[in-house]
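Reading through the structure tokens given below for one structure.
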Amino acid sequence: MKREEFAKVSQASKHPAKVALAIVKDKNGKYNMITLEWFMRTSIQPPMFAISIGHTRYSHECLQEVRFFNLCLPSKEMAKVSKICGSKSGRDIDKFEETGVEWFAGRLAKLPILKDAKANFECKVITQVRSGDHTIFVGEVKHSWVNEDKEVQTVKDLM
Ligand SMILES: Cc1cc2nc3c(=O)[nH]c(=O)nc-3n(C[C@H](O)[C@H](O)[C@H](O)COP(=O)(O)O)c2cc1C
């Protein structure tokens, strides 16, 4: 065991993490998707998820304005969608048009539910915490959707 710089230790101790997409909406009703590695379940009852979003992201702006998100766990076959949503900003493009992803409107805030994902959770933002250059948004799950036959995506599927 030796003392090292944070970035090196963080990289060396990484295990294949799951990937999520958070689906959000701006104040004009434009939908956006952002790829996330930093998300977690935070409550059993009621079920809740936390997502950590960088202050510079367009999705951050959206979540300050419209307090709902869908947390989507993409399937393995959706690697292209996660790559686009993790490298381009909704400020510059419409990611739904660019990816051609299929969706239908959810029940809570009509945010898109991605048809080919493993799971989608419709969440209402309950609270948020500033964490350095990110904000942690905590959402309570109101509706859940699953595709029993799909396999969940990990960061390795994007390499
Ligand atoms: C595998 C992967 C994981 C990522 N995880 C996060 C994350 O947890 N939080 C975050 O703010 N950005 C994360 N990003 C970066 C954003 O997805 C990226 O900056 C995106 O283009 C922002 O889009 P937006 O400006 O439309 O919100 C990740 C990117 C990739 C490829």
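In the structure tokens, the first chain shown is A, the next is B, and so on; residue numbers restart at 1 for each chain, and ligands run from 1 in the order shown.
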
Step by step, measure atom-to-atom distances between ligand 1 and each residue using only C-alpha atoms and all ligand atoms, keep those at most 10 Å, then write them as a compact mmCIF listing (two decimals) with N, CA, C and O atoms, in the first residue's frame.
# COMPACT_ATOMS: atom_id res chain seq x y z
N ALA A 17 -18.59 0.11 -13.70
CA ALA A 17 -19.78 0.74 -13.14
C ALA A 17 -20.94 0.68 -14.13
O ALA A 17 -20.73 0.61 -15.34
N LYS A 18 -22.14 0.71 -13.60
CA LYS A 18 -23.32 0.80 -14.44
C LYS A 18 -23.42 2.22 -15.01
O LYS A 18 -22.88 3.16 -14.43
N VAL A 19 -24.12 2.34 -16.12
CA VAL A 19 -24.34 3.64 -16.75
C VAL A 19 -25.83 3.97 -16.63
O VAL A 19 -26.67 3.07 -16.71
N ALA A 20 -26.13 5.24 -16.44
CA ALA A 20 -27.53 5.67 -16.46
C ALA A 20 -27.68 6.84 -17.41
O ALA A 20 -26.69 7.51 -17.76
N LEU A 21 -28.90 7.08 -17.83
CA LEU A 21 -29.23 8.29 -18.56
C LEU A 21 -30.28 9.01 -17.72
O LEU A 21 -31.23 8.37 -17.26
N ALA A 22 -30.06 10.30 -17.49
CA ALA A 22 -31.12 11.07 -16.84
C ALA A 22 -31.81 11.87 -17.94
O ALA A 22 -31.16 12.51 -18.77
N ILE A 23 -33.13 11.77 -17.95
CA ILE A 23 -33.92 12.49 -18.96
C ILE A 23 -34.60 13.66 -18.26
O ILE A 23 -35.24 13.47 -17.22
N VAL A 24 -34.39 14.83 -18.83
CA VAL A 24 -34.86 16.07 -18.20
C VAL A 24 -35.56 16.94 -19.25
O VAL A 24 -35.59 16.60 -20.43
N TYR A 31 -36.80 18.39 -24.41
CA TYR A 31 -36.25 17.25 -23.66
C TYR A 31 -34.75 17.13 -23.87
O TYR A 31 -34.23 17.48 -24.93
N ASN A 32 -34.07 16.60 -22.86
CA ASN A 32 -32.63 16.34 -22.99
C ASN A 32 -32.28 15.07 -22.24
O ASN A 32 -33.01 14.62 -21.34
N MET A 33 -31.14 14.47 -22.62
CA MET A 33 -30.63 13.26 -21.95
C MET A 33 -29.15 13.48 -21.63
O MET A 33 -28.42 14.03 -22.46
N ILE A 34 -28.74 13.02 -20.45
CA ILE A 34 -27.33 13.09 -20.06
C ILE A 34 -26.89 11.72 -19.56
O ILE A 34 -27.60 11.06 -18.80
N THR A 35 -25.69 11.29 -19.99
CA THR A 35 -25.11 10.03 -19.53
C THR A 35 -24.47 10.25 -18.17
O THR A 35 -23.76 11.24 -17.96
N LEU A 36 -24.70 9.31 -17.24
CA LEU A 36 -24.21 9.44 -15.87
C LEU A 36 -23.57 8.16 -15.36
O LEU A 36 -24.11 7.06 -15.57
N GLU A 37 -22.46 8.34 -14.67
CA GLU A 37 -21.88 7.22 -13.93
C GLU A 37 -22.15 7.42 -12.44
O GLU A 37 -22.18 6.48 -11.66
N TRP A 38 -22.35 8.67 -12.06
CA TRP A 38 -22.51 9.00 -10.64
C TRP A 38 -23.99 9.07 -10.28
O TRP A 38 -24.61 10.15 -10.36
N PHE A 39 -24.52 7.91 -9.91
CA PHE A 39 -25.92 7.82 -9.44
C PHE A 39 -26.02 6.69 -8.44
O PHE A 39 -25.19 5.77 -8.46
N ILE A 51 -28.69 11.62 -8.25
CA ILE A 51 -27.85 11.77 -9.45
C ILE A 51 -26.96 12.99 -9.24
O ILE A 51 -27.40 13.99 -8.67
N SER A 52 -25.71 12.89 -9.68
CA SER A 52 -24.77 13.99 -9.48
C SER A 52 -24.47 14.64 -10.84
O SER A 52 -23.94 13.98 -11.74
N ILE A 53 -24.80 15.91 -10.97
CA ILE A 53 -24.70 16.59 -12.27
C ILE A 53 -23.80 17.82 -12.17
O ILE A 53 -24.00 18.68 -11.30
N GLY A 54 -22.83 17.90 -13.08
CA GLY A 54 -21.89 19.02 -13.12
C GLY A 54 -22.60 20.35 -13.37
O GLY A 54 -23.56 20.40 -14.15
N HIS A 55 -22.10 21.40 -12.70
CA HIS A 55 -22.75 22.71 -12.80
C HIS A 55 -22.77 23.27 -14.22
O HIS A 55 -23.62 24.09 -14.55
N THR A 56 -21.81 22.85 -15.04
CA THR A 56 -21.74 23.41 -16.41
C THR A 56 -22.69 22.70 -17.38
O THR A 56 -22.87 23.17 -18.50
N ARG A 57 -23.25 21.57 -16.97
CA ARG A 57 -24.10 20.79 -17.90
C ARG A 57 -25.42 21.51 -18.17
O ARG A 57 -26.03 22.08 -17.26
N TYR A 58 -25.88 21.35 -19.40
CA TYR A 58 -27.20 21.88 -19.76
C TYR A 58 -28.28 21.20 -18.90
O TYR A 58 -29.26 21.85 -18.48
N SER A 59 -28.09 19.92 -18.60
CA SER A 59 -29.06 19.17 -17.77
C SER A 59 -29.19 19.78 -16.38
O SER A 59 -30.25 19.69 -15.76
N HIS A 60 -28.11 20.39 -15.89
CA HIS A 60 -28.14 21.04 -14.59
C HIS A 60 -29.12 22.21 -14.63
O HIS A 60 -29.97 22.39 -13.73
N GLU A 61 -29.00 22.99 -15.71
CA GLU A 61 -29.90 24.14 -15.92
C GLU A 61 -31.36 23.65 -15.96
O GLU A 61 -32.24 24.24 -15.32
N CYS A 62 -31.58 22.57 -16.69
CA CYS A 62 -32.94 22.03 -16.84
C CYS A 62 -33.51 21.62 -15.48
O CYS A 62 -34.67 21.92 -15.17
N LEU A 63 -32.69 20.96 -14.66
CA LEU A 63 -33.19 20.45 -13.37
C LEU A 63 -33.46 21.56 -12.36
O LEU A 63 -34.25 21.39 -11.44
N ALA A 79 -25.52 1.37 -26.47
CA ALA A 79 -24.21 2.00 -26.22
C ALA A 79 -24.05 3.30 -27.02
O ALA A 79 -23.52 4.29 -26.52
N SER A 82 -25.75 6.22 -25.27
CA SER A 82 -25.01 6.70 -24.09
C SER A 82 -23.77 7.49 -24.51
O SER A 82 -23.39 8.45 -23.84
N LYS A 83 -23.13 7.05 -25.61
CA LYS A 83 -21.93 7.76 -26.08
C LYS A 83 -22.30 9.17 -26.54
O LYS A 83 -21.63 10.15 -26.19
N ILE A 84 -23.34 9.29 -27.30
CA ILE A 84 -23.76 10.62 -27.79
C ILE A 84 -24.19 11.50 -26.63
O ILE A 84 -23.78 12.66 -26.52
N CYS A 85 -24.98 10.92 -25.74
CA CYS A 85 -25.52 11.73 -24.61
C CYS A 85 -24.44 12.08 -23.59
O CYS A 85 -24.65 12.97 -22.76
N GLY A 86 -23.30 11.39 -23.66
CA GLY A 86 -22.21 11.66 -22.74
C GLY A 86 -21.11 12.51 -23.35
O GLY A 86 -20.10 12.80 -22.69
N SER A 87 -21.27 12.90 -24.62
CA SER A 87 -20.21 13.67 -25.26
C SER A 87 -20.71 14.96 -25.91
O SER A 87 -19.91 15.83 -26.26
N LYS A 88 -22.01 15.09 -26.08
CA LYS A 88 -22.56 16.31 -26.70
C LYS A 88 -23.53 16.97 -25.74
O LYS A 88 -24.13 16.30 -24.90
N SER A 89 -23.68 18.28 -25.89
CA SER A 89 -24.57 19.00 -24.98
C SER A 89 -25.91 19.32 -25.65
O SER A 89 -25.95 19.67 -26.84
N GLY A 90 -26.95 19.23 -24.86
CA GLY A 90 -28.29 19.61 -25.31
C GLY A 90 -28.40 21.09 -25.63
O GLY A 90 -29.38 21.53 -26.21
N ARG A 91 -27.37 21.86 -25.25
CA ARG A 91 -27.34 23.29 -25.65
C ARG A 91 -27.13 23.41 -27.16
O ARG A 91 -27.58 24.37 -27.77
N ASP A 92 -26.43 22.41 -27.73
CA ASP A 92 -26.04 22.48 -29.15
C ASP A 92 -26.89 21.61 -30.06
O ASP A 92 -27.00 21.88 -31.25
N ILE A 93 -27.41 20.51 -29.53
CA ILE A 93 -28.17 19.58 -30.38
C ILE A 93 -29.42 19.10 -29.65
O ILE A 93 -29.54 19.23 -28.44
N ASP A 94 -30.32 18.47 -30.45
CA ASP A 94 -31.46 17.76 -29.88
C ASP A 94 -31.04 16.28 -29.83
O ASP A 94 -30.93 15.63 -30.87
N LYS A 95 -30.79 15.75 -28.63
CA LYS A 95 -30.23 14.40 -28.52
C LYS A 95 -31.25 13.32 -28.89
O LYS A 95 -30.87 12.22 -29.26
N ASP A 133 -18.10 20.81 -7.60
CA ASP A 133 -18.53 21.36 -8.89
C ASP A 133 -19.76 20.62 -9.47
O ASP A 133 -20.10 20.82 -10.64
N HIS A 134 -20.38 19.76 -8.68
CA HIS A 134 -21.60 19.07 -9.07
C HIS A 134 -22.74 19.39 -8.08
O HIS A 134 -22.48 19.89 -6.98
N THR A 135 -23.96 19.09 -8.49
CA THR A 135 -25.10 19.12 -7.57
C THR A 135 -25.69 17.73 -7.53
O THR A 135 -25.87 17.09 -8.58
N ILE A 136 -25.99 17.26 -6.31
CA ILE A 136 -26.67 15.97 -6.16
C ILE A 136 -28.17 16.25 -6.07
O ILE A 136 -28.62 16.95 -5.15
N THR A 154 -22.94 -1.42 -18.94
CA THR A 154 -21.90 -0.92 -18.03
C THR A 154 -20.96 0.00 -18.82
O THR A 154 -21.01 0.03 -20.06
N VAL A 155 -20.09 0.70 -18.10
CA VAL A 155 -19.15 1.63 -18.75
C VAL A 155 -18.29 0.89 -19.79
O VAL A 155 -17.93 1.45 -20.82
N LYS A 156 -18.01 -0.41 -19.53
CA LYS A 156 -17.19 -1.21 -20.46
C LYS A 156 -17.82 -1.31 -21.85
O LYS A 156 -17.12 -1.40 -22.85
N ASP A 157 -19.16 -1.30 -21.90
CA ASP A 157 -19.86 -1.38 -23.20
C ASP A 157 -19.63 -0.14 -24.05
O ASP A 157 -19.90 -0.14 -25.25
N LEU A 158 -19.14 0.94 -23.42
CA LEU A 158 -18.92 2.19 -24.17
C LEU A 158 -17.50 2.28 -24.72
O LEU A 158 -17.16 3.23 -25.42
N MET A 159 -16.65 1.29 -24.37
CA MET A 159 -15.23 1.38 -24.79
C MET A 159 -14.99 0.70 -26.13
O MET A 159 -15.77 -0.10 -26.58

*asked:* Applying 12 Å and only C-alpha atoms, which residues near region 101-107 of chain A remain after dropping the ones on its own chain fewer than 4 positions away? List them as a ChimeraX atom specification.
replied: /A:23-24,31-33,68-72,74,77-82,84-85,94-97,111-117,120-124,141-145

Practice problem: Go through region 17-152 of chain A and collect every residue that DSSP, computed from the backbone, puts in strand (DSSP E or B); the answer should be as a ChimeraX atom specification. | Solution: /A:18,20-25,31-36,39-43,48-54,68-73,75,103-105,112-114,119-131,134-146,152

The residue from A:Arg67, A:Lys118, A:Ser43, A:Lys8 with the smallest atom-to-atom distance to Asp149 (chain A), counting only C-alpha atoms, is A:Lys118

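Between CA of Gln153 (chain A) and CA of Leu73 (chain A) the interatomic distance comes to 7.3 Å.
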
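Note that the spacing between CA of Ala109 (chain A) and CA of Arg130 (chain A) amounts to 24.5 Å.
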